[in-house]
Amino acid sequence: MEFEKLTIKKARELLDNKKISVKELVDFYLKNIEDQNKNLNVFLEVYKDVAEQIKEAQAMIDEGKAEALTGIPIAIKDNILIKGKKASGASKILENYTATYTATATQKLIDQKAIILGRVNMDEFAMGSSTENSAFGVTKNPSDHSRVAGGSSGGSAASVASNMALGALGSDTGGSIREPASFCGMVGLKPTYGAVSRYGLMAMGSSLDIIGPITKTVTDAEMVFNVIKGQDKMDSTSIDFQAPSSKPQAKTIGVPYHILDQEGISDEVKKNFEEAVKKIKGLGFEIKDIKLPNIDKSLAAYYIIMPAEVSSNMARYDGIKYGLSVDKSSPDIKLLDVYKKTRGQGFGPEVRRRIILGTYILSAGYYDAYYGKAMMARQKIRSEFTEAFEKVDAILTPTTPYPAWKKRKN
Amino acid sequence: MISKEEIKKLADLARIEIGEEEIESLRGEMDDILEYVKSIQRFHSDEALPKAEAEEELLTGQLHNVMRKDENPTEAGTHSKELIAEFPEKEKEYLKVKKIL
């Protein structure tokens with residue numbers, strides 16, 4: 001049985017038609033983990049209860065009660081909680097933390113008896129775009145081991161790309177599903193904010209965070225999204241997302257050429273993109289040049305809003321209620337020292353950097369100049385997208401300006 | 001350039017202990033980032049709505065409070081075991097902390 005090219009959709013058919021058993025399917029991915037994980041550093045932990053999960057999934061299929069993801073092996077990003085299992089956010093500050101509740105998105109997978117294989121590597125607290133900021137080493141790109149897998153959901157993307165899982169959950173705040181998926185040649189879906197509950201996702205930028213799938217195909221991503229989406233009473237920013245109804249006629253696709261015509265985009269990416277546009281035209285779509293006039297303020301707005309929210313969200317890691325607590329029993333250490341030493345030693349350099357930046361941005365005297373302006377710019381950028389979507393059905397751009405770079409350390 | 005004192009103060013506020021070396025490198029990094037994000041000043045709020053309207057929109061526009069009925073409280077002790085297990089220091093069922101006074 002050729003498992004290399006399997007998709008979730010195909011695996012579902014094979015499982016339901018009894019062409020393969022859950023054990024046969026999952027064993028293929030477990031074998032790949034065994035063979036390659038030491039080298040690629042994708043999984044931080046493979047769960048010991050996989051055999052038990054396989055039994056339960058098989059029983060569900062045998063009873064004719066299989067749902068979309070029953071028996072499908074999935075990897076979970078290390079910042080998404082599962083009760084009773086370790087979750088570290090790829091940080092030393094939570095290295096030995098055991099989650100006390102389960103994320104809604106993951107619970108939905110568990111309810112369907114998907115096979116939760118384990119937790120995968122990421123940049124620490126989702127801050128980074130390569131996994132070079134993980135406290136537990138970088139994840140190699142399965143397509144080229146000298147390059148990074150991308151991030152922050154690098155482990156998630158690499159797990160699917162290397163056939164260590166058939167699907168993975170990642171999280172996206174400023175590209176952390178999309179970029180690693182692109183670097184590893186996978187499909188990454190960043191759902192609309194609110195479409196998937198954030199309950200159980202370690203918060204990074206609360207007005208931006210979302211959980212989403214990384215898979216081999218768009219259909220697979222849709223299948224996973226449909227399972228994990230939905231309003232959740234445990235997350236009051238969640239909504240019941242209604243996909244716009246598809247029109248049967250050929251769609252109009254907007255391309256903001258003014259963005260593509262600037263410096264910094266590699267020739268390969270430009271060429272690749274033009275080929276994609278040709279293909280899409282050939283399929284009967286109309287390509288329209290659109291303008292997003294204030295898009296050039298996006299990065300600045302993001303690098304103000306995100307660190308501000310990060311500095312607030314990281315305050316909970318203080319060595320008091322859970323996680324690393326430096327020299328807690330030493331009588332010489334005072335309370336303030338517990339905070340400062342725990343955070344100084346437990347957080348990596350990038351996390352410390354962003355907290356300091358966020359603290360500055362939110363401090364008196366700078367709030368209006370930075371945060372206030374950024375929030376207004378964000379509103380404007382958002383409204384420009386809304387305007388553009390009145391003229392086109394979708395907007396197309398390259399995902400990243402260049403392919404995965406060579407990793408700088410091990 | 002942002003001063004050493006300012007970095008120290010920020011680290012203090014953020015309750016993070018950082019060494020002299022890191023203070024130095026943070027000065028440079030912060031400066032670079034702030035220099036870049038300053039470009040947000042190029043965004044003119046009159047391009048959007050007038051400032052007062054924009055601010056009101058920010059406060060009330062997209063966001064609204066989602067409340068739930070104050071009923072069916074979780075029974076005391078339901079989650080205690082797992083939470084207490086994660087305490088770095090405990091005494092019986094109490095979270096133990098350094099003295100504050």
# chains A, B, ... in the order shown; residues from 1 in each chain; ligands from 1

$ residues_around --residues "Glu24 (chain A)" --least-positions-apart "2" --cutoff "12 Å" --atoms "only C-alpha atoms" --output "list in words"
Met1, Glu2, Phe3, Ala11, Leu14, Leu15, Lys18, Lys19, Ile20, Ser21, Val22, Val26, Asp27, Phe28, Tyr29, Leu30, Lys31, Ala51, Ile54, Lys55, Gln58, Gly71, Ile72 and Pro73 of chain A

$ write_last_selection --atoms "N, CA and C atoms" --output "JSON list (two decimals), in the first residue's frame"
[["chain", "number", "residue", "atom", "x", "y", "z"],
["A", 1, "MET", "N", 0.86, -1.20, 0.00],
["A", 1, "MET", "CA", 0.00, 0.00, 0.00],
["A", 1, "MET", "C", 0.90, 1.25, 0.00],
["A", 2, "GLU", "N", 0.69, 2.09, -0.99],
["A", 2, "GLU", "CA", 1.46, 3.32, -1.12],
["A", 2, "GLU", "C", 0.94, 4.39, -0.17],
["A", 3, "PHE", "N", 1.60, 4.57, 0.95],
["A", 3, "PHE", "CA", 1.11, 5.56, 1.91],
["A", 3, "PHE", "C", 1.70, 6.94, 1.69],
["A", 11, "ALA", "N", -7.36, 8.66, 2.91],
["A", 11, "ALA", "CA", -7.24, 7.77, 4.06],
["A", 11, "ALA", "C", -8.62, 7.48, 4.65],
["A", 14, "LEU", "N", -10.22, 4.81, 2.54],
["A", 14, "LEU", "CA", -9.60, 3.50, 2.74],
["A", 14, "LEU", "C", -9.98, 2.90, 4.09],
["A", 15, "LEU", "N", -10.03, 3.75, 5.11],
["A", 15, "LEU", "CA", -10.39, 3.27, 6.45],
["A", 15, "LEU", "C", -11.84, 2.81, 6.47],
["A", 18, "LYS", "N", -12.58, -0.37, 4.77],
["A", 18, "LYS", "CA", -11.81, -1.47, 5.38],
["A", 18, "LYS", "C", -10.64, -1.93, 4.52],
["A", 19, "LYS", "N", -10.14, -1.02, 3.65],
["A", 19, "LYS", "CA", -8.97, -1.39, 2.85],
["A", 19, "LYS", "C", -7.71, -1.37, 3.71],
["A", 20, "ILE", "N", -7.73, -0.48, 4.71],
["A", 20, "ILE", "CA", -6.63, -0.47, 5.68],
["A", 20, "ILE", "C", -7.21, -0.32, 7.08],
["A", 21, "SER", "N", -6.42, -0.76, 8.06],
["A", 21, "SER", "CA", -6.84, -0.59, 9.45],
["A", 21, "SER", "C", -6.18, 0.68, 9.98],
["A", 22, "VAL", "N", -6.70, 1.18, 11.10],
["A", 22, "VAL", "CA", -6.12, 2.37, 11.71],
["A", 22, "VAL", "C", -4.67, 2.08, 12.08],
["A", 26, "VAL", "N", -1.50, 4.28, 10.94],
["A", 26, "VAL", "CA", -0.72, 5.04, 11.91],
["A", 26, "VAL", "C", 0.71, 4.52, 12.02],
["A", 27, "ASP", "N", 0.88, 3.19, 11.88],
["A", 27, "ASP", "CA", 2.22, 2.60, 11.96],
["A", 27, "ASP", "C", 3.18, 3.21, 10.93],
["A", 28, "PHE", "N", 2.64, 3.55, 9.77],
["A", 28, "PHE", "CA", 3.46, 4.16, 8.72],
["A", 28, "PHE", "C", 4.05, 5.47, 9.22],
["A", 29, "TYR", "N", 3.24, 6.29, 9.85],
["A", 29, "TYR", "CA", 3.71, 7.59, 10.33],
["A", 29, "TYR", "C", 4.62, 7.43, 11.54],
["A", 30, "LEU", "N", 4.29, 6.47, 12.42],
["A", 30, "LEU", "CA", 5.15, 6.22, 13.58],
["A", 30, "LEU", "C", 6.53, 5.75, 13.13],
["A", 31, "LYS", "N", 6.57, 4.95, 12.07],
["A", 31, "LYS", "CA", 7.85, 4.46, 11.55],
["A", 31, "LYS", "C", 8.70, 5.63, 11.03],
["A", 51, "ALA", "N", -1.30, 3.69, 20.98],
["A", 51, "ALA", "CA", -1.86, 2.35, 20.77],
["A", 51, "ALA", "C", -3.31, 2.28, 21.26],
["A", 54, "ILE", "N", -5.56, 4.16, 18.90],
["A", 54, "ILE", "CA", -5.79, 3.40, 17.68],
["A", 54, "ILE", "C", -6.93, 2.41, 17.89],
["A", 55, "LYS", "N", -6.91, 1.73, 19.04],
["A", 55, "LYS", "CA", -7.97, 0.74, 19.35],
["A", 55, "LYS", "C", -9.33, 1.41, 19.32],
["A", 58, "GLN", "N", -10.43, 2.46, 15.83],
["A", 58, "GLN", "CA", -10.84, 1.31, 15.04],
["A", 58, "GLN", "C", -12.23, 0.83, 15.43],
["A", 71, "GLY", "N", -9.46, 8.14, 13.31],
["A", 71, "GLY", "CA", -8.31, 7.32, 12.92],
["A", 71, "GLY", "C", -7.23, 8.05, 12.16],
["A", 72, "ILE", "N", -7.40, 9.34, 11.92],
["A", 72, "ILE", "CA", -6.42, 10.09, 11.14],
["A", 72, "ILE", "C", -5.33, 10.63, 12.06],
["A", 73, "PRO", "N", -4.05, 10.35, 11.76],
["A", 73, "PRO", "CA", -2.97, 10.79, 12.65],
["A", 73, "PRO", "C", -2.64, 12.28, 12.49]]

$ closest_atom_pairs --of "chain A" --to "chain B" --cutoff "8 Å" --atoms "only C-alpha atoms" --output "CSV"
residue,atom,partner,partner_atom,distance
A:Tyr97,CA,B:Glu86,CA,7.0
A:Thr98,CA,B:Glu86,CA,7.1
A:Thr100,CA,B:Glu82,CA,5.8
A:Ser236,CA,B:Val66,CA,6.0
A:Asn294,CA,B:Phe43,CA,7.9
A:Lys297,CA,B:Ile40,CA,6.1
A:Leu299,CA,B:Val37,CA,7.8
A:Ala300,CA,B:Val37,CA,4.4
A:Ala301,CA,B:Ile40,CA,6.6
A:Tyr303,CA,B:Val37,CA,6.8
A:Ile304,CA,B:Val37,CA,6.9
A:Ser311,CA,B:Ala14,CA,7.7
A:Ala315,CA,B:Ala14,CA,7.6
A:Gly319,CA,B:Pro88,CA,7.2
A:Ile320,CA,B:Pro88,CA,6.6
A:Lys321,CA,B:Phe87,CA,5.0
A:Tyr322,CA,B:Glu86,CA,5.1
A:Gly323,CA,B:Pro88,CA,6.9
A:Leu324,CA,B:Pro88,CA,7.4
A:Ser325,CA,B:Pro88,CA,6.3
A:Lys328,CA,B:Glu89,CA,7.4
A:Ser329,CA,B:Glu89,CA,8.0
A:Lys334,CA,B:Lys98,CA,6.4
A:Leu335,CA,B:Lys98,CA,5.2
A:Leu336,CA,B:Arg15,CA,7.6
A:Tyr339,CA,B:Arg15,CA,5.8
A:Lys340,CA,B:Ile16,CA,4.3
A:Lys341,CA,B:Glu17,CA,5.6
A:Thr342,CA,B:Ile16,CA,7.9
A:Arg343,CA,B:Ile16,CA,5.3
A:Gly344,CA,B:Glu17,CA,4.7
A:Gln345,CA,B:Glu17,CA,7.9
A:Arg352,CA,B:Ile16,CA,7.7
A:Arg353,CA,B:Leu26,CA,7.1
A:Ile355,CA,B:Ala14,CA,7.1
A:Ile356,CA,B:Leu10,CA,6.1
A:Leu357,CA,B:Met30,CA,6.7
A:Thr359,CA,B:Leu10,CA,6.4
A:Tyr360,CA,B:Leu10,CA,6.6
A:Ala369,CA,B:Gln41,CA,7.4
A:Tyr370,CA,B:Ile40,CA,7.3
A:Lys373,CA,B:Ile40,CA,6.6
A:Ala374,CA,B:Ile40,CA,6.5
A:Met375,CA,B:Leu58,CA,7.5
A:Met376,CA,B:Ser45,CA,6.7
A:Ala377,CA,B:Phe43,CA,6.4
A:Lys380,CA,B:Ala48,CA,5.9

$ atom_distance --atom1 "CA of Leu283 (chain A)" --atom2 "CA of Gly212 (chain A)"
27.8 Å

$ atom_distance --atom1 "CA of Thr106 (chain A)" --atom2 "CA of Met223 (chain A)"
14.3 Å

$ closest_residue --among "A:Lys65, A:Lys113, A:Arg378, A:Lys229" --to "Ile305 (chain A)" --atoms "only C-alpha atoms"
A:Arg378

$ residues_around --residues "Lys92 (chain A)" --least-positions-apart "5" --cutoff "8 Å" --atoms "only C-alpha atoms" --output "PyMOL selection string"
chain A and resi 135+324+346-348

$ write_last_selection --atoms "C-alpha atoms" --output "short mmCIF file (atom, residue, chain, number, x, y, z; two decimals), in the first residue's frame"
data_model
loop_
_atom_site.label_atom_id
_atom_site.label_comp_id
_atom_site.auth_asym_id
_atom_site.auth_seq_id
_atom_site.Cartn_x
_atom_site.Cartn_y
_atom_site.Cartn_z
CA ALA A 135 14.40 26.27 23.32
CA LEU A 324 9.75 27.12 36.09
CA GLY A 346 13.07 30.85 31.52
CA PHE A 347 12.41 33.07 28.51
CA GLY A 348 14.62 32.96 25.42
#

$ select_by_dssp --residues "chain B" --states "alpha helix (DSSP H)" --output "PyMOL selection string"
chain B and resi 4-13+20-37+51-56+80-85

$ residues_around --residues "Lys4 (chain B)" --least-positions-apart "6" --cutoff "8 Å" --atoms "only C-alpha atoms" --output "ChimeraX atom specification"
/B:23-24,27

$ atom_distance --atom1 "CA of Asn226 (chain A)" --atom2 "CA of Val50 (chain A)"
23.7 Å
